[in-house]
>>> print(open('my_file.pdb').read())   # PDB, C-alpha atoms
ATOM      1  CA  MET A   1     215.225 131.243 194.795
ATOM      2  CA  PRO A   2     214.703 134.787 193.463
ATOM      3  CA  HIS A   3     215.852 137.613 195.689
ATOM      4  CA  THR A   4     213.522 140.322 196.937
ATOM      5  CA  ASN A   5     214.611 143.949 197.078
ATOM      6  CA  ILE A   6     215.217 143.683 200.822
ATOM      7  CA  SER A   7     217.291 140.504 200.542
ATOM      8  CA  LEU A   8     219.435 142.136 197.865
ATOM      9  CA  ALA A   9     219.894 145.141 200.150
ATOM     10  CA  THR A  10     221.063 142.940 203.042
ATOM     11  CA  LEU A  11     223.446 141.031 200.763
ATOM     12  CA  LEU A  12     224.907 144.340 199.611
ATOM     13  CA  GLY A  13     225.237 145.460 203.232
ATOM     14  CA  SER A  14     227.062 142.237 204.127
ATOM     15  CA  ARG A  15     229.461 142.559 201.209
ATOM     16  CA  MET A  16     230.329 146.193 201.904
ATOM     17  CA  CYS A  17     230.915 145.609 205.611
ATOM     18  CA  HIS A  18     233.001 142.502 204.873
ATOM     19  CA  ASP A  19     235.239 144.450 202.502
ATOM     20  CA  LEU A  20     235.560 147.451 204.827
ATOM     21  CA  ILE A  21     236.455 145.588 208.023
ATOM     22  CA  SER A  22     239.649 144.087 206.536
ATOM     23  CA  PRO A  23     241.504 147.375 205.908
ATOM     24  CA  ILE A  24     240.352 148.762 209.249
ATOM     25  CA  GLY A  25     241.748 145.652 210.952
ATOM     26  CA  ALA A  26     244.997 146.049 209.031
ATOM     27  CA  ILE A  27     245.356 149.646 210.239
ATOM     28  CA  GLN A  28     244.750 148.514 213.823
ATOM     29  CA  ASN A  29     247.426 145.832 213.479
ATOM     30  CA  GLY A  30     249.816 148.408 212.041
ATOM     31  CA  LEU A  31     249.216 150.730 214.967
ATOM     32  CA  GLU A  32     249.959 147.900 217.412
ATOM     33  CA  LEU A  33     253.234 147.200 215.619
ATOM     34  CA  LEU A  34     254.170 150.882 215.812
ATOM     35  CA  GLU A  35     253.474 150.872 219.549
ATOM     36  CA  MET A  36     255.600 147.744 220.025
ATOM     37  CA  ALA A  37     258.446 149.332 218.052
ATOM     38  CA  GLY A  38     258.314 152.495 220.151
ATOM     39  CA  SER A  39     259.904 153.282 223.465
ATOM     40  CA  GLY A  40     257.136 151.709 225.475
ATOM     41  CA  GLY A  41     256.087 155.051 226.914
ATOM     42  CA  ASP A  42     252.909 156.981 226.402
ATOM     43  CA  ILE A  43     251.689 157.128 222.820
ATOM     44  CA  SER A  44     251.310 160.505 221.175
ATOM     45  CA  ALA A  45     248.003 162.333 221.103
ATOM     46  CA  GLU A  46     247.904 161.909 217.331
ATOM     47  CA  MET A  47     248.471 158.150 217.549
ATOM     48  CA  SER A  48     245.862 157.867 220.281
ATOM     49  CA  LEU A  49     243.333 159.699 218.131
ATOM     50  CA  ILE A  50     243.973 157.379 215.170
ATOM     51  CA  LYS A  51     243.742 154.316 217.401
ATOM     52  CA  ASP A  52     240.455 155.413 218.964
ATOM     53  CA  SER A  53     239.006 156.332 215.559
ATOM     54  CA  CYS A  54     239.892 152.918 214.126
ATOM     55  CA  ALA A  55     238.355 151.128 217.091
ATOM     56  CA  SER A  56     235.162 153.163 216.704
ATOM     57  CA  ALA A  57     235.028 152.482 212.954
ATOM     58  CA  ALA A  58     235.571 148.747 213.468
ATOM     59  CA  ALA A  59     232.777 148.575 216.052
ATOM     60  CA  ARG A  60     230.431 150.563 213.816
ATOM     61  CA  ILE A  61     231.104 148.263 210.848
ATOM     62  CA  LYS A  62     230.473 145.171 212.990
ATOM     63  CA  PHE A  63     227.208 146.757 214.107
ATOM     64  CA  PHE A  64     226.234 147.585 210.503
ATOM     65  CA  ARG A  65     227.089 144.076 209.359
ATOM     66  CA  VAL A  66     224.425 142.661 211.670
ATOM     67  CA  ALA A  67     221.923 145.508 211.328
ATOM     68  CA  PHE A  68     222.021 145.796 207.538
ATOM     69  CA  GLY A  69     223.550 142.493 206.446
ATOM     70  CA  GLY A  70     222.080 139.110 205.678
ATOM     71  CA  SER A  71     221.610 136.285 208.158
ATOM     72  CA  SER A  72     221.331 132.556 207.665
ATOM     73  CA  GLU A  73     219.129 130.133 209.554
ATOM     74  CA  GLY A  74     220.790 128.984 212.743
ATOM     75  CA  GLN A  75     223.296 131.837 213.049
ATOM     76  CA  ASN A  76     223.634 133.175 216.593
ATOM     77  CA  VAL A  77     225.372 136.224 218.041
ATOM     78  CA  GLY A  78     227.051 135.843 221.417
ATOM     79  CA  THR A  79     226.284 138.172 224.296
ATOM     80  CA  ARG A  80     229.949 139.078 224.674
ATOM     81  CA  GLU A  81     230.183 140.147 221.022
ATOM     82  CA  ILE A  82     226.988 142.202 221.327
ATOM     83  CA  LEU A  83     228.229 143.994 224.449
ATOM     84  CA  GLN A  84     231.639 144.709 222.892
ATOM     85  CA  THR A  85     230.028 146.084 219.736
ATOM     86  CA  LEU A  86     227.609 148.338 221.605
ATOM     87  CA  ASP A  87     230.357 149.554 223.937
ATOM     88  CA  GLY A  88     232.518 150.281 220.910
ATOM     89  CA  ILE A  89     229.954 152.391 219.058
ATOM     90  CA  CYS A  90     229.095 154.332 222.220
ATOM     91  CA  GLN A  91     232.720 154.962 223.206
ATOM     92  CA  GLY A  92     233.519 158.652 223.088
ATOM     93  CA  THR A  93     229.874 159.638 222.570
ATOM     94  CA  ARG A  94     227.104 160.808 224.862
ATOM     95  CA  LEU A  95     225.135 157.647 224.164
ATOM     96  CA  GLU A  96     224.878 154.731 226.582
ATOM     97  CA  ALA A  97     223.610 151.265 225.663
ATOM     98  CA  ASN A  98     222.315 148.794 228.233
ATOM     99  CA  TRP A  99     221.850 145.291 226.790
ATOM    100  CA  THR A 100     220.261 143.280 229.611
ATOM    101  CA  SER A 101     219.957 139.815 228.073
ATOM    102  CA  THR A 102     222.594 137.266 229.095
ATOM    103  CA  GLU A 103     221.665 134.715 226.425
ATOM    104  CA  ASP A 104     223.057 134.334 222.921
ATOM    105  CA  ALA A 105     220.426 135.253 220.330
ATOM    106  CA  PRO A 106     219.642 134.401 216.710
ATOM    107  CA  ARG A 107     221.358 136.853 214.387
ATOM    108  CA  SER A 108     218.044 137.636 212.677
ATOM    109  CA  ASP A 109     216.597 138.700 216.042
ATOM    110  CA  VAL A 110     219.655 140.765 216.975
ATOM    111  CA  GLN A 111     219.292 142.496 213.607
ATOM    112  CA  LEU A 112     215.831 143.726 214.593
ATOM    113  CA  ALA A 113     217.137 144.924 217.962
ATOM    114  CA  TYR A 114     220.027 146.790 216.315
ATOM    115  CA  LEU A 115     217.724 148.504 213.819
ATOM    116  CA  ALA A 116     215.414 149.537 216.658
ATOM    117  CA  PHE A 117     218.460 150.795 218.571
ATOM    118  CA  GLN A 118     219.327 153.035 215.624
ATOM    119  CA  CYS A 119     215.780 154.366 215.510
ATOM    120  CA  CYS A 120     216.089 155.337 219.168
ATOM    121  CA  GLU A 121     219.541 156.825 218.580
ATOM    122  CA  ALA A 122     218.106 159.088 215.874
ATOM    123  CA  ALA A 123     215.791 160.643 218.450
ATOM    124  CA  LEU A 124     218.594 161.439 220.928
ATOM    125  CA  PRO A 125     220.613 164.229 219.252
ATOM    126  CA  VAL A 126     222.520 165.136 222.412
ATOM    127  CA  GLY A 127     222.864 161.599 223.730
ATOM    128  CA  GLY A 128     221.045 159.569 226.315
ATOM    129  CA  SER A 129     220.494 156.015 227.477
ATOM    130  CA  ILE A 130     218.967 153.136 225.507
ATOM    131  CA  GLN A 131     217.967 149.942 227.289
ATOM    132  CA  ILE A 132     217.372 146.761 225.280
ATOM    133  CA  ASP A 133     215.427 143.991 227.041
ATOM    134  CA  ALA A 134     214.613 140.544 225.702
ATOM    135  CA  VAL A 135     210.894 139.912 226.178
ATOM    136  CA  GLY A 136     209.873 136.404 225.213
ATOM    137  CA  LYS A 137     211.033 135.984 221.629
ATOM    138  CA  GLY A 138     210.994 139.731 221.020
ATOM    139  CA  TRP A 139     212.538 142.948 222.273
ATOM    140  CA  SER A 140     211.577 146.028 224.217
ATOM    141  CA  LEU A 141     213.679 149.169 223.900
ATOM    142  CA  THR A 142     213.282 152.233 226.079
ATOM    143  CA  ALA A 143     215.317 155.387 225.596
ATOM    144  CA  THR A 144     215.699 158.554 227.568
ATOM    145  CA  GLY A 145     217.714 161.685 226.951
ATOM    146  CA  ARG A 146     218.071 165.262 228.028
ATOM    147  CA  LYS A 147     216.485 166.325 224.757
ATOM    148  CA  ASN A 148     214.323 164.129 222.547
ATOM    149  CA  LYS A 149     214.048 165.137 218.918
ATOM    150  CA  PHE A 150     211.874 162.967 216.753
ATOM    151  CA  ASP A 151     210.543 163.170 213.231
ATOM    152  CA  GLU A 152     206.902 162.089 213.534
ATOM    153  CA  PRO A 153     206.561 160.754 209.939
ATOM    154  CA  LEU A 154     209.384 158.282 210.634
ATOM    155  CA  TRP A 155     207.715 156.972 213.763
ATOM    156  CA  ALA A 156     204.355 156.910 212.010
ATOM    157  CA  HIS A 157     205.936 154.565 209.469
ATOM    158  CA  LEU A 158     207.099 152.240 212.262
ATOM    159  CA  ARG A 159     203.490 152.131 213.421
ATOM    160  CA  GLY A 160     202.369 151.186 209.904
ATOM    161  CA  GLU A 161     200.609 154.488 209.234
ATOM    162  CA  THR A 162     202.633 155.555 206.147
ATOM    163  CA  ASP A 163     204.327 153.822 203.226
ATOM    164  CA  GLY A 164     207.749 155.310 204.010
ATOM    165  CA  GLU A 165     208.200 156.640 200.491
ATOM    166  CA  ASP A 166     209.984 159.808 201.623
ATOM    167  CA  ILE A 167     212.352 158.240 204.162
ATOM    168  CA  PRO A 168     215.924 159.467 203.458
ATOM    169  CA  ALA A 169     218.964 157.190 203.253
ATOM    170  CA  SER A 170     220.221 158.509 206.595
ATOM    171  CA  ARG A 171     217.136 157.025 208.268
ATOM    172  CA  ILE A 172     216.929 153.728 206.391
ATOM    173  CA  GLN A 173     216.585 151.856 209.699
ATOM    174  CA  PHE A 174     213.018 153.162 209.948
ATOM    175  CA  LEU A 175     212.288 151.575 206.574
ATOM    176  CA  MET A 176     214.037 148.239 207.128
ATOM    177  CA  LEU A 177     212.794 147.470 210.642
ATOM    178  CA  PRO A 178     209.075 147.027 209.844
ATOM    179  CA  ILE A 179     209.845 145.206 206.569
ATOM    180  CA  LEU A 180     212.146 142.662 208.214
ATOM    181  CA  ALA A 181     209.900 142.319 211.257
ATOM    182  CA  GLU A 182     206.881 141.523 209.094
ATOM    183  CA  ALA A 183     208.898 139.025 207.043
ATOM    184  CA  ARG A 184     209.712 137.197 210.292
ATOM    185  CA  GLY A 185     206.192 137.255 211.637
ATOM    186  CA  ARG A 186     206.815 140.052 214.123
ATOM    187  CA  LYS A 187     205.000 143.296 214.839
ATOM    188  CA  VAL A 188     206.482 146.667 215.768
ATOM    189  CA  ALA A 189     204.895 149.101 218.216
ATOM    190  CA  ALA A 190     206.586 152.468 218.639
ATOM    191  CA  THR A 191     206.087 155.731 220.484
ATOM    192  CA  ALA A 192     208.355 158.767 220.623
ATOM    193  CA  ASN A 193     207.539 162.028 222.341
ATOM    194  CA  ASP A 194     208.951 164.445 224.889
ATOM    195  CA  ASP A 195     208.219 161.970 227.681
ATOM    196  CA  GLY A 196     210.275 159.142 226.256
ATOM    197  CA  ILE A 197     210.925 156.658 223.481
ATOM    198  CA  ARG A 198     209.793 153.041 223.313
ATOM    199  CA  ILE A 199     209.901 150.350 220.652
ATOM    200  CA  ASP A 200     208.421 146.890 221.156
ATOM    201  CA  ILE A 201     209.021 144.038 218.723
ATOM    202  CA  VAL A 202     206.713 141.115 219.441
TER     203      VAL A 202
END
>>> encode(input="my_file.pdb", output="structure tokens")
Amino acid sequence: MPHTNISLATLLGSRMCHDLISPIGAIQNGLELLEMAGSGGDISAEMSLIKDSCASAAARIKFFRVAFGGSSEGQNVGTREILQTLDGICQGTRLEANWTSTEDAPRSDVQLAYLAFQCCEAALPVGGSIQIDAVGKGWSLTATGRKNKFDEPLWAHLRGETDGEDIPASRIQFLMLPILAEARGRKVAATANDDGIRIDIV
């Protein structure tokens, strides 16, 4: 079966994340060995910083692997893994994620939720709270922050009002979300203004 541009992009995302997670895991294992070989007391500030940075990088790569990687029919993501990943990427930031579903979900559906999460994150420059609710077979995300900053052309693209030609690489989630949603028979509704942020995937 020939690959489309988007399927090639997700395969590339999967490969890159797969190759990156191994050295990060090796560094984490090395840090644990160093701790075990130490005196058993408090670890140094430098070691703590490296440890926290590795944990954050590992969580971010796991998130990217689902958000930008490929998914096969029948693959599910467990609730525990989702919560750990979201907690990991929010650790040490001003962002809070609230995943309310208690059910495992198809990886292809979680991918849409993660991409929508990143769209909301882009509009919260000084942090805030993002709630992700399962609604039927879709998702509803609501986000609030002390200061909302949104780029209207990006949100117009989510609403299907532009072709997304000028979307930069740093905001690729705004390009991928509607493409993948349409390919899976879903629709995206999005609003972002000073009163709040909401994305519905139905």
>>> resolve_selection(input="my_file.pdb", expression="the PyMOL selection byres ((chain A and resi 167) around 12)", output="number ranges by chain")
A: 151-158, 162-166, 168-176
>>> resolve_selection(input="my_file.pdb", expression="the PyMOL selection byres ((chain A and resi 55-65) around 7)", output="PyMOL selection string")
chain A and resi 13-14+17+21+24+51-54+66-69+85+88-89
>>> closest_residue(input="my_file.pdb", among="A:Ala116, A:Ile197, A:Leu95, A:Ala123", to="Ala143 (chain A)", atoms="only C-alpha atoms")
A:Ile197
>>> closest_residue(input="my_file.pdb", among="A:Ser22, A:Thr100, A:Gln111, A:Ser71", to="Ala134 (chain A)", atoms="all atoms listed in the file")
A:Thr100
>>> atom_distance(input="my_file.pdb", atom1="CA of Gly138 (chain A)", atom2="CA of Asp200 (chain A)")
7.6 Å
>>> resolve_selection(input="my_file.pdb", expression="the PyMOL selection byres ((chain A and resi 182) around 12)", output="list in words")
Ile6, Leu112, Leu158, Arg159, Gly160, Leu175, Met176, Leu177, Pro178, Ile179, Leu180, Ala181, Ala183, Arg184, Gly185, Arg186, Lys187, Val188, Ile201 and Val202 of chain A
>>> write_last_selection(input="my_file.pdb", atoms="C-alpha atoms", output="PDB file, in the coordinates of the input")
ATOM      1  CA  ILE A   6     215.217 143.683 200.822  1.00  0.00           C
ATOM      2  CA  LEU A 112     215.831 143.726 214.593  1.00  0.00           C
ATOM      3  CA  LEU A 158     207.099 152.240 212.262  1.00  0.00           C
ATOM      4  CA  ARG A 159     203.490 152.131 213.421  1.00  0.00           C
ATOM      5  CA  GLY A 160     202.369 151.186 209.904  1.00  0.00           C
ATOM      6  CA  LEU A 175     212.288 151.575 206.574  1.00  0.00           C
ATOM      7  CA  MET A 176     214.037 148.239 207.128  1.00  0.00           C
ATOM      8  CA  LEU A 177     212.794 147.470 210.642  1.00  0.00           C
ATOM      9  CA  PRO A 178     209.075 147.027 209.844  1.00  0.00           C
ATOM     10  CA  ILE A 179     209.845 145.206 206.569  1.00  0.00           C
ATOM     11  CA  LEU A 180     212.146 142.662 208.214  1.00  0.00           C
ATOM     12  CA  ALA A 181     209.900 142.319 211.257  1.00  0.00           C
ATOM     13  CA  ALA A 183     208.898 139.025 207.043  1.00  0.00           C
ATOM     14  CA  ARG A 184     209.712 137.197 210.292  1.00  0.00           C
ATOM     15  CA  GLY A 185     206.192 137.255 211.637  1.00  0.00           C
ATOM     16  CA  ARG A 186     206.815 140.052 214.123  1.00  0.00           C
ATOM     17  CA  LYS A 187     205.000 143.296 214.839  1.00  0.00           C
ATOM     18  CA  VAL A 188     206.482 146.667 215.768  1.00  0.00           C
ATOM     19  CA  ILE A 201     209.021 144.038 218.723  1.00  0.00           C
ATOM     20  CA  VAL A 202     206.713 141.115 219.441  1.00  0.00           C
TER      21      VAL A 202
END
>>> atom_distance(input="my_file.pdb", atom1="CA of Ala37 (chain A)", atom2="CA of Asp87 (chain A)")
28.7 Å
>>> closest_residue(input="my_file.pdb", among="A:Ser108, A:Asn98, A:Asn148, A:Thr79", to="Ile130 (chain A)", atoms="all atoms listed in the file")
A:Asn98
>>> atom_distance(input="my_file.pdb", atom1="CA of Gly25 (chain A)", atom2="CA of Gln91 (chain A)")
17.8 Å
>>> closest_residue(input="my_file.pdb", among="A:Asp194, A:Glu121, A:Glu81, A:Glu46", to="Ala105 (chain A)", atoms="all atoms listed in the file")
A:Glu81
>>> closest_residue(input="my_file.pdb", among="A:Lys137, A:Leu49, A:Gly30, A:Phe117", to="Gly92 (chain A)", atoms="all atoms listed in the file")
A:Leu49
>>> residues_around(input="my_file.pdb", residues="Lys147 (chain A)", least_positions_apart="5", cutoff="9 Å", atoms="only C-alpha atoms", output="list in words")
Ala123, Leu124, Pro125, Val126, Gly127, Gly128 and Asp194 of chain A
>>> closest_residue(input="my_file.pdb", among="A:Ile50, A:Arg80, A:Tyr114, A:Thr93", to="Leu31 (chain A)", atoms="all atoms listed in the file")
A:Ile50
